[in-house]
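Below is one structure, written out as structure tokens; comments come after it.
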Amino acid sequence: MTRAIITVVGKDTVGIIAKVCTYLADSQINILDISQTIVQDFFNMMMIVDMSRCNTAFEQVSADLNAIGKDMGVQVKCQLEDIFDKMHRI
């Protein structure tokens with residue numbers, strides 16, 4: 001299984017979850033776990049996803065999600081789980 005961590009942070013707007021999840025579904029990326037909070041007007045979401053059925057290169061998925069975030073005025077980051085774990089171990 002190829003797992004990745006997707007984070008979304010920014011000012012809350014209508015459709016953030018819908019746009020990100022629609023892209024994931026269209027790309028055959030399965031959401032394994034999701035957590036979201038809204039503190040006042042600020043949105044924060046973290047997802048663990050399975051990319052093993054996705055036919056798109058990871059770099060392209062990351063770039064696409066980044067572009068979706070820019071269109072909505074939020075920051076979307078996608079990292080492979082191994083890299084995420086190593087970065088947060090230090």
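Residue numbering restarts at 1 for every chain of the structure tokens, chains are lettered A, B, ... in their displayed order, and ligands are numbered from 1 as they appear.
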
request  = Please identify which residues in chain A DSSP calls strand (DSSP E) from the backbone, and express them as a PyMOL selection string.
outcome  = chain A and resi 3-11+30-39+42-50+74-80

message = DSSP on the backbone, helix (DSSP H, G or I) only: what residues of chain A does that give? Format it as number ranges by chain.
response = A: 16-26, 58-72, 81-89

message = At a cut-off of 10 Å, using only C-alpha atoms, what residues contact range 71-82 of chain A? Leave out same-chain residues fewer than 3 positions from it and give the result as an NGL selection string.
response = :A and (2-16 or 19-20 or 42-51 or 58-59 or 61-68 or 85-87)
